[in-house]
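Asker: Have a look at this one.
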Number of protein chains: 2
Amino acid sequence: MARAATTSDPFNAVAEPRRRAILVFLAGGEQPVGAIVASLGLEQPSVSKHLRVLHKVGLVRMRRHGRQKLYETNAAAIRPLHEWTEIFRKYWEHQLHRVKERAEAQANRVRAVETERGKS
Amino acid sequence: MARAATTSDPFNAVAEPRRRAILVFLAGGEQPVGAIVASLGLEQPSVSKHLRVLHKVGLVRMRRHGRQKLYETNAAAIRPLHEWTEIFRKYWEHQLHRVKERAEAQANRVRAVETERGKS
DNA sequence: TTGACATATTCCTATATCGGCATGTAATGT
DNA sequence: ACATTACATGCCGATATAGGAATATGTCAA
């Protein structure tokens with residue numbers, strides 16, 4: 001079997017760096033395809049293909065406006081990713097806490113040594 | 001050109017559902033490979049391959065213990081993903097806010113109508 | 001050393017991409 | 001109707017997988 005399809009879940013869709021760039025660009029509000037092409041310096045067909053993937057998984061919304069199509073990031077669709085990473089928050093916070101504790105203990109030891117030096 | 005390598009960045013590494021399952025399983029603490037195999041019902045070679053990918057991008061740490069190898073999720077390596085999703089938080093919160101506002105406006109209209117009914 | 005246990009690697013095949021190029025389609029202006 | 005603008009799609013080639021089966025490596029125990 002091959003790799004998982006990008007069209008089936010947001011985790012795969014977001015794995016592409018260019019698609020992440022597009023999502024960030026479209027987060028602030030609607031933009032026509034041409035603006036993405038110009039701003040990110042990608043080929044137009046490439047942008048269309050990425051938008052197709054993003055649209056299929058619901059990460060962007062589309063609206064016709066004359067001859068252009070306006071795309072916008074659907075931020076709510078990113079929440080599941082956010083929530084998945086949240087699972088690990090308590091663990092990395094715990095790690096940071098321990099790093100901090102060790103640093104403080106080390107600083108105390110250094111201070112103790114220097115105090116001894118000052119005495120002698 | 002083909003798809004981006006899973007070994008080069010955490011976004012791709014995490015795109016695989018089984019790898020996400022492994023990361024969650026190993027978040028709480030060290031576990032030998034056999035425990036992953038037993039718990040997630042995957043083939044042993046498959047688990048080894050996934051662990052190899054996760055290890056290359058720094059998402060898991062490994063330690064020898066006798067004839068087994070203990071793996072553990074490196075939660076800190078997930079922070080970049082968390083921070084990327086965090087970019088969109090304000091937008092989805094804004095969306096939720098507008099949904100809430102509309103719901104309240106609707107509720108007020110309903111109440112007004114019912115008050116009128118009570119009067120007549 | 002031999003054997004058993006735990007994990008890793010290799011070989012193979014099928015497939016889902018991704019980029020580039022050319023072409024198709026839809027909406028607008030004259 | 002015709003040309004133009006704005007996107008989308010189809011085809012091609014290259015490649016990075018993921019799974020399955022078999023095998024290799026490494027470690028401990030007797």
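Here's how to read the names in the structure tokens: chain A, B, ... by the order shown, residue numbers from 1 in each chain, ligand numbers from 1 in the order shown.
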Sort by chain and increasing residue number a table of all residues of chain A within 12 Å of chain C, each with its closest pair of atoms and their distance in Å to one decimal, counting only C-alpha atoms (C1' of nucleotides), and write it as a tab-separated table.

Answerer:
```
residue	atom	partner	partner_atom	distance
A:Met1	CA	C:DA14	C1'	5.5
A:Ala2	CA	C:DT15	C1'	4.7
A:Arg3	CA	C:DA16	C1'	5.9
A:Ala4	CA	C:DA16	C1'	7.1
A:Ala5	CA	C:DA16	C1'	6.3
A:Thr6	CA	C:DT17	C1'	8.3
A:Thr7	CA	C:DA16	C1'	10.3
A:Ser8	CA	C:DA16	C1'	11.8
A:Asn12	CA	C:DT17	C1'	11.2
A:Ala13	CA	C:DT17	C1'	11.4
A:Glu16	CA	C:DC18	C1'	10.0
A:Arg18	CA	C:DC18	C1'	11.2
A:Leu42	CA	C:DG19	C1'	10.5
A:Glu43	CA	C:DG20	C1'	9.0
A:Gln44	CA	C:DG20	C1'	11.0
A:Pro45	CA	C:DG20	C1'	9.2
A:Ser46	CA	C:DG19	C1'	7.6
A:Val47	CA	C:DG19	C1'	11.2
A:Lys49	CA	C:DC18	C1'	9.8
A:His50	CA	C:DC18	C1'	10.1
A:Val53	CA	C:DT17	C1'	11.5
A:Arg64	CA	C:DA27	C1'	10.4
A:His65	CA	C:DA27	C1'	9.7
A:Gly66	CA	C:DA27	C1'	6.4
A:Arg67	CA	C:DA27	C1'	4.9
A:Gln68	CA	C:DA27	C1'	8.5
A:Lys69	CA	C:DA27	C1'	11.0
```

Asker: Show me which bits of chain D are within 10 Å of chain A, counting only C-alpha atoms (C1' of nucleotides), as a list in words.

Answerer: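 Using only C-alpha atoms (C1' of nucleotides), chain D residues at most 10 Å from chain A: DT5, DA6, DC7, DA8, DT9, DA16, DT17, DA18, DG19 and DG20 of chain D.
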
Asker: Fit chain A to chain B: least squares, all C-alpha atoms, paired in order; write the output as an mmCIF file with N, CA and C atoms, in the first residue's frame.

Answerer:
```cif
data_model
loop_
_atom_site.group_PDB
_atom_site.id
_atom_site.type_symbol
_atom_site.label_atom_id
_atom_site.label_comp_id
_atom_site.auth_asym_id
_atom_site.auth_seq_id
_atom_site.Cartn_x
_atom_site.Cartn_y
_atom_site.Cartn_z
ATOM 1 N N MET A 1 7.982 15.552 -9.383
ATOM 2 C CA MET A 1 8.435 15.282 -8.018
ATOM 3 C C MET A 1 7.346 14.584 -7.211
ATOM 4 N N ALA A 2 7.765 13.950 -6.154
ATOM 5 C CA ALA A 2 6.807 13.201 -5.358
ATOM 6 C C ALA A 2 6.461 13.953 -4.087
ATOM 7 N N ARG A 3 5.818 13.246 -3.237
ATOM 8 C CA ARG A 3 5.389 13.811 -1.985
ATOM 9 C C ARG A 3 6.582 14.126 -1.079
ATOM 10 N N ALA A 4 6.364 15.019 -0.131
ATOM 11 C CA ALA A 4 7.437 15.388 0.792
ATOM 12 C C ALA A 4 7.796 14.209 1.697
ATOM 13 N N ALA A 5 9.033 14.180 2.114
ATOM 14 C CA ALA A 5 9.507 13.086 2.959
ATOM 15 C C ALA A 5 9.005 13.231 4.387
ATOM 16 N N THR A 6 8.619 12.116 4.980
ATOM 17 C CA THR A 6 8.131 12.149 6.363
ATOM 18 C C THR A 6 9.279 12.335 7.334
ATOM 19 N N THR A 7 10.476 12.048 6.839
ATOM 20 C CA THR A 7 11.624 12.075 7.742
ATOM 21 C C THR A 7 12.186 13.472 7.934
ATOM 22 N N SER A 8 11.660 14.432 7.169
ATOM 23 C CA SER A 8 12.290 15.744 7.220
ATOM 24 C C SER A 8 11.604 16.720 8.157
ATOM 25 N N ASP A 9 10.314 16.572 8.367
ATOM 26 C CA ASP A 9 9.692 17.531 9.274
ATOM 27 C C ASP A 9 8.551 16.882 10.049
ATOM 28 N N PRO A 10 8.312 17.402 11.248
ATOM 29 C CA PRO A 10 7.318 16.825 12.149
ATOM 30 C C PRO A 10 5.899 16.854 11.581
ATOM 31 N N PHE A 11 5.580 17.834 10.751
ATOM 32 C CA PHE A 11 4.226 17.892 10.197
ATOM 33 C C PHE A 11 3.933 16.650 9.371
ATOM 34 N N ASN A 12 4.905 16.229 8.573
ATOM 35 C CA ASN A 12 4.719 15.027 7.783
ATOM 36 C C ASN A 12 4.734 13.781 8.653
ATOM 37 N N ALA A 13 5.595 13.758 9.634
ATOM 38 C CA ALA A 13 5.691 12.589 10.501
ATOM 39 C C ALA A 13 4.369 12.342 11.223
ATOM 40 N N VAL A 14 3.724 13.411 11.596
ATOM 41 C CA VAL A 14 2.499 13.332 12.388
ATOM 42 C C VAL A 14 1.256 13.119 11.516
ATOM 43 N N ALA A 15 1.451 13.173 10.224
ATOM 44 C CA ALA A 15 0.305 13.003 9.317
ATOM 45 C C ALA A 15 -0.222 11.571 9.352
ATOM 46 N N GLU A 16 0.613 10.636 9.702
ATOM 47 C CA GLU A 16 0.212 9.220 9.786
ATOM 48 C C GLU A 16 -0.585 8.939 11.054
ATOM 49 N N PRO A 17 -1.775 8.425 10.935
ATOM 50 C CA PRO A 17 -2.608 8.159 12.115
ATOM 51 C C PRO A 17 -1.936 7.206 13.114
ATOM 52 N N ARG A 18 -1.256 6.189 12.606
ATOM 53 C CA ARG A 18 -0.633 5.235 13.527
ATOM 54 C C ARG A 18 0.515 5.893 14.293
ATOM 55 N N ARG A 19 1.205 6.797 13.620
ATOM 56 C CA ARG A 19 2.293 7.476 14.321
ATOM 57 C C ARG A 19 1.726 8.392 15.402
ATOM 58 N N ARG A 20 0.581 8.994 15.131
ATOM 59 C CA ARG A 20 -0.045 9.810 16.177
ATOM 60 C C ARG A 20 -0.425 8.932 17.359
ATOM 61 N N ALA A 21 -0.962 7.758 17.055
ATOM 62 C CA ALA A 21 -1.349 6.843 18.133
ATOM 63 C C ALA A 21 -0.134 6.460 18.971
ATOM 64 N N ILE A 22 0.971 6.195 18.305
ATOM 65 C CA ILE A 22 2.198 5.823 19.017
ATOM 66 C C ILE A 22 2.662 6.967 19.910
ATOM 67 N N LEU A 23 2.610 8.182 19.380
ATOM 68 C CA LEU A 23 3.051 9.327 20.164
ATOM 69 C C LEU A 23 2.205 9.504 21.412
ATOM 70 N N VAL A 24 0.908 9.341 21.267
ATOM 71 C CA VAL A 24 0.025 9.462 22.431
ATOM 72 C C VAL A 24 0.354 8.370 23.441
ATOM 73 N N PHE A 25 0.540 7.151 22.927
ATOM 74 C CA PHE A 25 0.837 6.023 23.813
ATOM 75 C C PHE A 25 2.135 6.237 24.578
ATOM 76 N N LEU A 26 3.109 6.849 23.922
ATOM 77 C CA LEU A 26 4.422 7.036 24.540
ATOM 78 C C LEU A 26 4.556 8.364 25.278
ATOM 79 N N ALA A 27 3.464 9.091 25.360
ATOM 80 C CA ALA A 27 3.547 10.406 25.995
ATOM 81 C C ALA A 27 3.735 10.284 27.502
ATOM 82 N N GLY A 28 3.084 9.318 28.094
ATOM 83 C CA GLY A 28 3.112 9.185 29.545
ATOM 84 C C GLY A 28 4.424 8.688 30.106
ATOM 85 N N GLY A 29 5.205 8.026 29.287
ATOM 86 C CA GLY A 29 6.489 7.530 29.767
ATOM 87 C C GLY A 29 7.039 6.435 28.887
ATOM 88 N N GLU A 30 8.239 6.027 29.183
ATOM 89 C CA GLU A 30 8.948 5.014 28.407
ATOM 90 C C GLU A 30 8.167 3.712 28.281
ATOM 91 N N GLN A 31 8.227 3.133 27.089
ATOM 92 C CA GLN A 31 7.612 1.832 26.847
ATOM 93 C C GLN A 31 8.478 1.075 25.854
ATOM 94 N N PRO A 32 8.589 -0.241 26.044
ATOM 95 C CA PRO A 32 9.317 -1.045 25.056
ATOM 96 C C PRO A 32 8.463 -1.227 23.799
ATOM 97 N N VAL A 33 9.120 -1.567 22.709
ATOM 98 C CA VAL A 33 8.438 -1.728 21.429
ATOM 99 C C VAL A 33 7.297 -2.733 21.527
ATOM 100 N N GLY A 34 7.554 -3.811 22.240
ATOM 101 C CA GLY A 34 6.540 -4.851 22.372
ATOM 102 C C GLY A 34 5.242 -4.346 22.969
ATOM 103 N N ALA A 35 5.333 -3.384 23.869
ATOM 104 C CA ALA A 35 4.126 -2.841 24.493
ATOM 105 C C ALA A 35 3.295 -2.072 23.474
ATOM 106 N N ILE A 36 3.975 -1.406 22.554
ATOM 107 C CA ILE A 36 3.259 -0.674 21.503
ATOM 108 C C ILE A 36 2.552 -1.663 20.593
ATOM 109 N N VAL A 37 3.282 -2.703 20.212
ATOM 110 C CA VAL A 37 2.726 -3.732 19.347
ATOM 111 C C VAL A 37 1.469 -4.326 19.983
ATOM 112 N N ALA A 38 1.586 -4.671 21.257
ATOM 113 C CA ALA A 38 0.464 -5.306 21.947
ATOM 114 C C ALA A 38 -0.703 -4.345 22.118
ATOM 115 N N SER A 39 -0.378 -3.113 22.481
ATOM 116 C CA SER A 39 -1.429 -2.165 22.816
ATOM 117 C C SER A 39 -2.168 -1.643 21.590
ATOM 118 N N LEU A 40 -1.437 -1.386 20.525
ATOM 119 C CA LEU A 40 -2.079 -0.802 19.353
ATOM 120 C C LEU A 40 -2.450 -1.847 18.302
ATOM 121 N N GLY A 41 -2.027 -3.074 18.519
ATOM 122 C CA GLY A 41 -2.406 -4.129 17.580
ATOM 123 C C GLY A 41 -1.811 -3.969 16.198
ATOM 124 N N LEU A 42 -0.574 -3.494 16.131
ATOM 125 C CA LEU A 42 0.106 -3.348 14.841
ATOM 126 C C LEU A 42 1.154 -4.440 14.697
ATOM 127 N N GLU A 43 1.631 -4.632 13.473
ATOM 128 C CA GLU A 43 2.707 -5.581 13.245
ATOM 129 C C GLU A 43 3.994 -5.013 13.815
ATOM 130 N N GLN A 44 4.824 -5.864 14.341
ATOM 131 C CA GLN A 44 6.071 -5.392 14.946
ATOM 132 C C GLN A 44 6.954 -4.646 13.951
ATOM 133 N N PRO A 45 7.173 -5.173 12.731
ATOM 134 C CA PRO A 45 8.028 -4.412 11.812
ATOM 135 C C PRO A 45 7.460 -3.031 11.495
ATOM 136 N N SER A 46 6.148 -2.969 11.414
ATOM 137 C CA SER A 46 5.496 -1.688 11.143
ATOM 138 C C SER A 46 5.793 -0.686 12.252
ATOM 139 N N VAL A 47 5.698 -1.138 13.480
ATOM 140 C CA VAL A 47 5.980 -0.261 14.618
ATOM 141 C C VAL A 47 7.434 0.206 14.577
ATOM 142 N N SER A 48 8.341 -0.718 14.294
ATOM 143 C CA SER A 48 9.755 -0.339 14.214
ATOM 144 C C SER A 48 9.985 0.738 13.165
ATOM 145 N N LYS A 49 9.310 0.590 12.031
ATOM 146 C CA LYS A 49 9.489 1.581 10.961
ATOM 147 C C LYS A 49 8.941 2.935 11.363
ATOM 148 N N HIS A 50 7.790 2.926 12.004
ATOM 149 C CA HIS A 50 7.216 4.204 12.436
ATOM 150 C C HIS A 50 8.107 4.860 13.495
ATOM 151 N N LEU A 51 8.640 4.034 14.384
ATOM 152 C CA LEU A 51 9.519 4.582 15.423
ATOM 153 C C LEU A 51 10.775 5.193 14.796
ATOM 154 N N ARG A 52 11.221 4.560 13.739
ATOM 155 C CA ARG A 52 12.404 5.080 13.051
ATOM 156 C C ARG A 52 12.161 6.486 12.522
ATOM 157 N N VAL A 53 11.005 6.642 11.901
ATOM 158 C CA VAL A 53 10.637 7.962 11.379
ATOM 159 C C VAL A 53 10.518 8.969 12.517
ATOM 160 N N LEU A 54 9.802 8.585 13.561
ATOM 161 C CA LEU A 54 9.588 9.495 14.684
ATOM 162 C C LEU A 54 10.903 9.870 15.355
ATOM 163 N N HIS A 55 11.817 8.906 15.395
ATOM 164 C CA HIS A 55 13.100 9.167 16.025
ATOM 165 C C HIS A 55 13.927 10.142 15.187
ATOM 166 N N LYS A 56 13.858 9.968 13.865
ATOM 167 C CA LYS A 56 14.649 10.832 12.979
ATOM 168 C C LYS A 56 14.261 12.296 13.088
ATOM 169 N N VAL A 57 12.981 12.556 13.281
ATOM 170 C CA VAL A 57 12.556 13.947 13.400
ATOM 171 C C VAL A 57 12.552 14.409 14.854
ATOM 172 N N GLY A 58 13.003 13.552 15.744
ATOM 173 C CA GLY A 58 13.140 13.965 17.146
ATOM 174 C C GLY A 58 11.865 13.912 17.953
ATOM 175 N N LEU A 59 10.848 13.239 17.441
ATOM 176 C CA LEU A 59 9.585 13.188 18.176
ATOM 177 C C LEU A 59 9.589 12.134 19.284
ATOM 178 N N VAL A 60 10.534 11.203 19.205
ATOM 179 C CA VAL A 60 10.680 10.250 20.313
ATOM 180 C C VAL A 60 12.149 10.116 20.702
ATOM 181 N N ARG A 61 12.358 9.746 21.956
ATOM 182 C CA ARG A 61 13.694 9.460 22.471
ATOM 183 C C ARG A 61 13.801 7.967 22.680
ATOM 184 N N MET A 62 15.026 7.433 22.618
ATOM 185 C CA MET A 62 15.196 5.990 22.798
ATOM 186 C C MET A 62 16.324 5.717 23.772
ATOM 187 N N ARG A 63 16.161 4.615 24.514
ATOM 188 C CA ARG A 63 17.159 4.246 25.496
ATOM 189 C C ARG A 63 17.186 2.730 25.533
ATOM 190 N N ARG A 64 18.390 2.178 25.550
ATOM 191 C CA ARG A 64 18.524 0.713 25.638
ATOM 192 C C ARG A 64 18.269 0.277 27.055
ATOM 193 N N HIS A 65 17.652 -0.891 27.198
ATOM 194 C CA HIS A 65 17.484 -1.478 28.520
ATOM 195 C C HIS A 65 17.495 -2.979 28.326
ATOM 196 N N GLY A 66 18.676 -3.555 28.508
ATOM 197 C CA GLY A 66 18.818 -4.992 28.267
ATOM 198 C C GLY A 66 18.537 -5.280 26.815
ATOM 199 N N ARG A 67 17.687 -6.243 26.566
ATOM 200 C CA ARG A 67 17.425 -6.544 25.157
ATOM 201 C C ARG A 67 16.277 -5.745 24.593
ATOM 202 N N GLN A 68 15.691 -4.917 25.418
ATOM 203 C CA GLN A 68 14.638 -4.089 24.836
ATOM 204 C C GLN A 68 15.073 -2.642 24.668
ATOM 205 N N LYS A 69 14.316 -1.937 23.863
ATOM 206 C CA LYS A 69 14.586 -0.524 23.667
ATOM 207 C C LYS A 69 13.374 0.233 24.164
ATOM 208 N N LEU A 70 13.629 1.207 25.006
ATOM 209 C CA LEU A 70 12.532 1.969 25.595
ATOM 210 C C LEU A 70 12.368 3.274 24.833
ATOM 211 N N TYR A 71 11.179 3.499 24.339
ATOM 212 C CA TYR A 71 10.882 4.726 23.603
ATOM 213 C C TYR A 71 9.971 5.604 24.431
ATOM 214 N N GLU A 72 10.112 6.893 24.211
ATOM 215 C CA GLU A 72 9.284 7.865 24.932
ATOM 216 C C GLU A 72 9.059 9.067 24.031
ATOM 217 N N THR A 73 7.887 9.623 24.087
ATOM 218 C CA THR A 73 7.594 10.816 23.290
ATOM 219 C C THR A 73 8.382 12.011 23.800
ATOM 220 N N ASN A 74 8.963 12.742 22.880
ATOM 221 C CA ASN A 74 9.626 13.994 23.229
ATOM 222 C C ASN A 74 8.638 15.129 22.999
ATOM 223 N N ALA A 75 7.868 15.421 24.026
ATOM 224 C CA ALA A 75 6.754 16.363 23.892
ATOM 225 C C ALA A 75 7.194 17.719 23.345
ATOM 226 N N ALA A 76 8.396 18.133 23.713
ATOM 227 C CA ALA A 76 8.869 19.451 23.272
ATOM 228 C C ALA A 76 8.887 19.563 21.755
ATOM 229 N N ALA A 77 9.104 18.450 21.076
ATOM 230 C CA ALA A 77 9.179 18.479 19.611
ATOM 231 C C ALA A 77 7.817 18.711 18.969
ATOM 232 N N ILE A 78 6.764 18.611 19.762
ATOM 233 C CA ILE A 78 5.420 18.842 19.230
ATOM 234 C C ILE A 78 5.031 20.309 19.341
ATOM 235 N N ARG A 79 5.783 21.046 20.136
ATOM 236 C CA ARG A 79 5.466 22.474 20.322
ATOM 237 C C ARG A 79 5.388 23.264 19.031
ATOM 238 N N PRO A 80 6.301 23.059 18.077
ATOM 239 C CA PRO A 80 6.187 23.825 16.823
ATOM 240 C C PRO A 80 4.835 23.628 16.136
ATOM 241 N N LEU A 81 4.299 22.417 16.196
ATOM 242 C CA LEU A 81 2.991 22.181 15.601
ATOM 243 C C LEU A 81 1.934 22.962 16.376
ATOM 244 N N HIS A 82 2.052 22.876 17.692
ATOM 245 C CA HIS A 82 1.113 23.592 18.537
ATOM 246 C C HIS A 82 1.138 25.086 18.228
ATOM 247 N N GLU A 83 2.338 25.602 18.087
ATOM 248 C CA GLU A 83 2.454 27.037 17.843
ATOM 249 C C GLU A 83 1.924 27.427 16.465
ATOM 250 N N TRP A 84 2.069 26.528 15.516
ATOM 251 C CA TRP A 84 1.514 26.836 14.193
ATOM 252 C C TRP A 84 -0.011 26.930 14.268
ATOM 253 N N THR A 85 -0.621 25.997 14.969
ATOM 254 C CA THR A 85 -2.081 26.052 15.067
ATOM 255 C C THR A 85 -2.541 27.267 15.869
ATOM 256 N N GLU A 86 -1.688 27.733 16.773
ATOM 257 C CA GLU A 86 -2.030 28.903 17.578
ATOM 258 C C GLU A 86 -2.260 30.133 16.719
ATOM 259 N N ILE A 87 -1.588 30.171 15.564
ATOM 260 C CA ILE A 87 -1.757 31.298 14.639
ATOM 261 C C ILE A 87 -3.237 31.535 14.366
ATOM 262 N N PHE A 88 -4.003 30.459 14.329
ATOM 263 C CA PHE A 88 -5.392 30.556 13.887
ATOM 264 C C PHE A 88 -6.387 30.699 15.027
ATOM 265 N N ARG A 89 -5.894 30.612 16.226
ATOM 266 C CA ARG A 89 -6.771 30.649 17.396
ATOM 267 C C ARG A 89 -7.662 31.889 17.402
ATOM 268 N N LYS A 90 -7.064 33.047 17.196
ATOM 269 C CA LYS A 90 -7.865 34.278 17.277
ATOM 270 C C LYS A 90 -8.982 34.290 16.238
ATOM 271 N N TYR A 91 -8.729 33.631 15.099
ATOM 272 C CA TYR A 91 -9.753 33.633 14.057
ATOM 273 C C TYR A 91 -10.909 32.727 14.419
ATOM 274 N N TRP A 92 -10.596 31.520 14.954
ATOM 275 C CA TRP A 92 -11.733 30.663 15.284
ATOM 276 C C TRP A 92 -12.477 31.187 16.504
ATOM 277 N N GLU A 93 -11.769 31.867 17.400
ATOM 278 C CA GLU A 93 -12.459 32.454 18.547
ATOM 279 C C GLU A 93 -13.384 33.574 18.096
ATOM 280 N N HIS A 94 -12.929 34.319 17.101
ATOM 281 C CA HIS A 94 -13.762 35.374 16.543
ATOM 282 C C HIS A 94 -15.017 34.796 15.914
ATOM 283 N N GLN A 95 -14.815 33.679 15.175
ATOM 284 C CA GLN A 95 -15.961 33.007 14.554
ATOM 285 C C GLN A 95 -16.965 32.558 15.614
ATOM 286 N N LEU A 96 -16.473 31.927 16.676
ATOM 287 C CA LEU A 96 -17.350 31.448 17.740
ATOM 288 C C LEU A 96 -18.120 32.597 18.371
ATOM 289 N N HIS A 97 -17.416 33.707 18.529
ATOM 290 C CA HIS A 97 -18.030 34.880 19.114
ATOM 291 C C HIS A 97 -19.211 35.347 18.266
ATOM 292 N N ARG A 98 -18.988 35.362 16.944
ATOM 293 C CA ARG A 98 -20.057 35.827 16.062
ATOM 294 C C ARG A 98 -21.236 34.857 16.056
ATOM 295 N N VAL A 99 -20.935 33.565 16.113
ATOM 296 C CA VAL A 99 -22.008 32.566 16.160
ATOM 297 C C VAL A 99 -22.849 32.786 17.413
ATOM 298 N N LYS A 100 -22.170 33.018 18.517
ATOM 299 C CA LYS A 100 -22.841 33.229 19.784
ATOM 300 C C LYS A 100 -23.732 34.480 19.727
ATOM 301 N N GLU A 101 -23.171 35.542 19.148
ATOM 302 C CA GLU A 101 -23.931 36.792 19.039
ATOM 303 C C GLU A 101 -25.204 36.585 18.236
ATOM 304 N N ARG A 102 -25.048 35.863 17.106
ATOM 305 C CA ARG A 102 -26.232 35.623 16.271
ATOM 306 C C ARG A 102 -27.269 34.802 17.021
ATOM 307 N N ALA A 103 -26.817 33.820 17.770
ATOM 308 C CA ALA A 103 -27.748 32.966 18.509
ATOM 309 C C ALA A 103 -28.516 33.790 19.536
ATOM 310 N N GLU A 104 -27.811 34.704 20.193
ATOM 311 C CA GLU A 104 -28.471 35.529 21.200
ATOM 312 C C GLU A 104 -29.474 36.486 20.578
ATOM 313 N N ALA A 105 -29.108 37.061 19.435
ATOM 314 C CA ALA A 105 -30.015 37.968 18.742
ATOM 315 C C ALA A 105 -31.284 37.222 18.340
ATOM 316 N N GLN A 106 -31.104 35.996 17.861
ATOM 317 C CA GLN A 106 -32.237 35.173 17.450
ATOM 318 C C GLN A 106 -33.134 34.874 18.655
ATOM 319 N N ALA A 107 -32.506 34.541 19.780
ATOM 320 C CA ALA A 107 -33.267 34.237 20.994
ATOM 321 C C ALA A 107 -34.080 35.457 21.416
ATOM 322 N N ASN A 108 -33.511 36.631 21.291
ATOM 323 C CA ASN A 108 -34.220 37.857 21.644
ATOM 324 C C ASN A 108 -35.440 38.070 20.757
ATOM 325 N N ARG A 109 -35.241 37.800 19.459
ATOM 326 C CA ARG A 109 -36.377 37.950 18.542
ATOM 327 C C ARG A 109 -37.511 36.997 18.906
ATOM 328 N N VAL A 110 -37.160 35.771 19.225
ATOM 329 C CA VAL A 110 -38.169 34.782 19.597
ATOM 330 C C VAL A 110 -38.930 35.241 20.843
ATOM 331 N N ARG A 111 -38.162 35.725 21.797
ATOM 332 C CA ARG A 111 -38.788 36.205 23.042
ATOM 333 C C ARG A 111 -39.750 37.357 22.758
ATOM 334 N N ALA A 112 -39.355 38.258 21.890
ATOM 335 C CA ALA A 112 -40.181 39.421 21.559
ATOM 336 C C ALA A 112 -41.499 38.958 20.957
ATOM 337 N N VAL A 113 -41.426 38.003 20.034
ATOM 338 C CA VAL A 113 -42.632 37.489 19.390
ATOM 339 C C VAL A 113 -43.550 36.859 20.425
ATOM 340 N N GLU A 114 -42.980 36.112 21.342
ATOM 341 C CA GLU A 114 -43.793 35.429 22.344
ATOM 342 C C GLU A 114 -44.443 36.413 23.316
ATOM 343 N N THR A 115 -43.750 37.465 23.601
ATOM 344 C CA THR A 115 -44.325 38.505 24.464
ATOM 345 C C THR A 115 -45.535 39.130 23.782
ATOM 346 N N GLU A 116 -45.414 39.412 22.481
ATOM 347 C CA GLU A 116 -46.525 39.955 21.702
ATOM 348 C C GLU A 116 -47.724 39.026 21.750
ATOM 349 N N ARG A 117 -47.473 37.725 21.587
ATOM 350 C CA ARG A 117 -48.553 36.729 21.634
ATOM 351 C C ARG A 117 -49.266 36.775 22.985
ATOM 352 N N GLY A 118 -48.494 36.842 24.011
ATOM 353 C CA GLY A 118 -49.068 36.855 25.356
ATOM 354 C C GLY A 118 -50.003 38.040 25.559
ATOM 355 N N LYS A 119 -49.680 39.174 24.947
ATOM 356 C CA LYS A 119 -50.495 40.389 25.081
ATOM 357 C C LYS A 119 -51.862 40.242 24.426
ATOM 358 N N SER A 120 -51.858 39.631 23.204
ATOM 359 C CA SER A 120 -53.091 39.598 22.406
ATOM 360 C C SER A 120 -54.111 38.605 22.952
#
```

Asker: Per DSSP on the backbone, filter chain B down to the residues in alpha helix (DSSP H) and report them as a PyMOL selection string.

Answerer: chain B and resi 10-13+17-25+33-40+44-56+79-86+89-119

Asker: Can you check which residues of region 58-110 of chain B DSSP gives as strand (DSSP E or B) on the backbone and send them as a list of chain:residue names?

Answerer: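 Matching residues, listed in order: B:Val60, B:Arg61, B:Met62, B:Arg63, B:Arg64, B:His65, B:Gln68, B:Lys69, B:Leu70, B:Tyr71, B:Glu72, B:Thr73.
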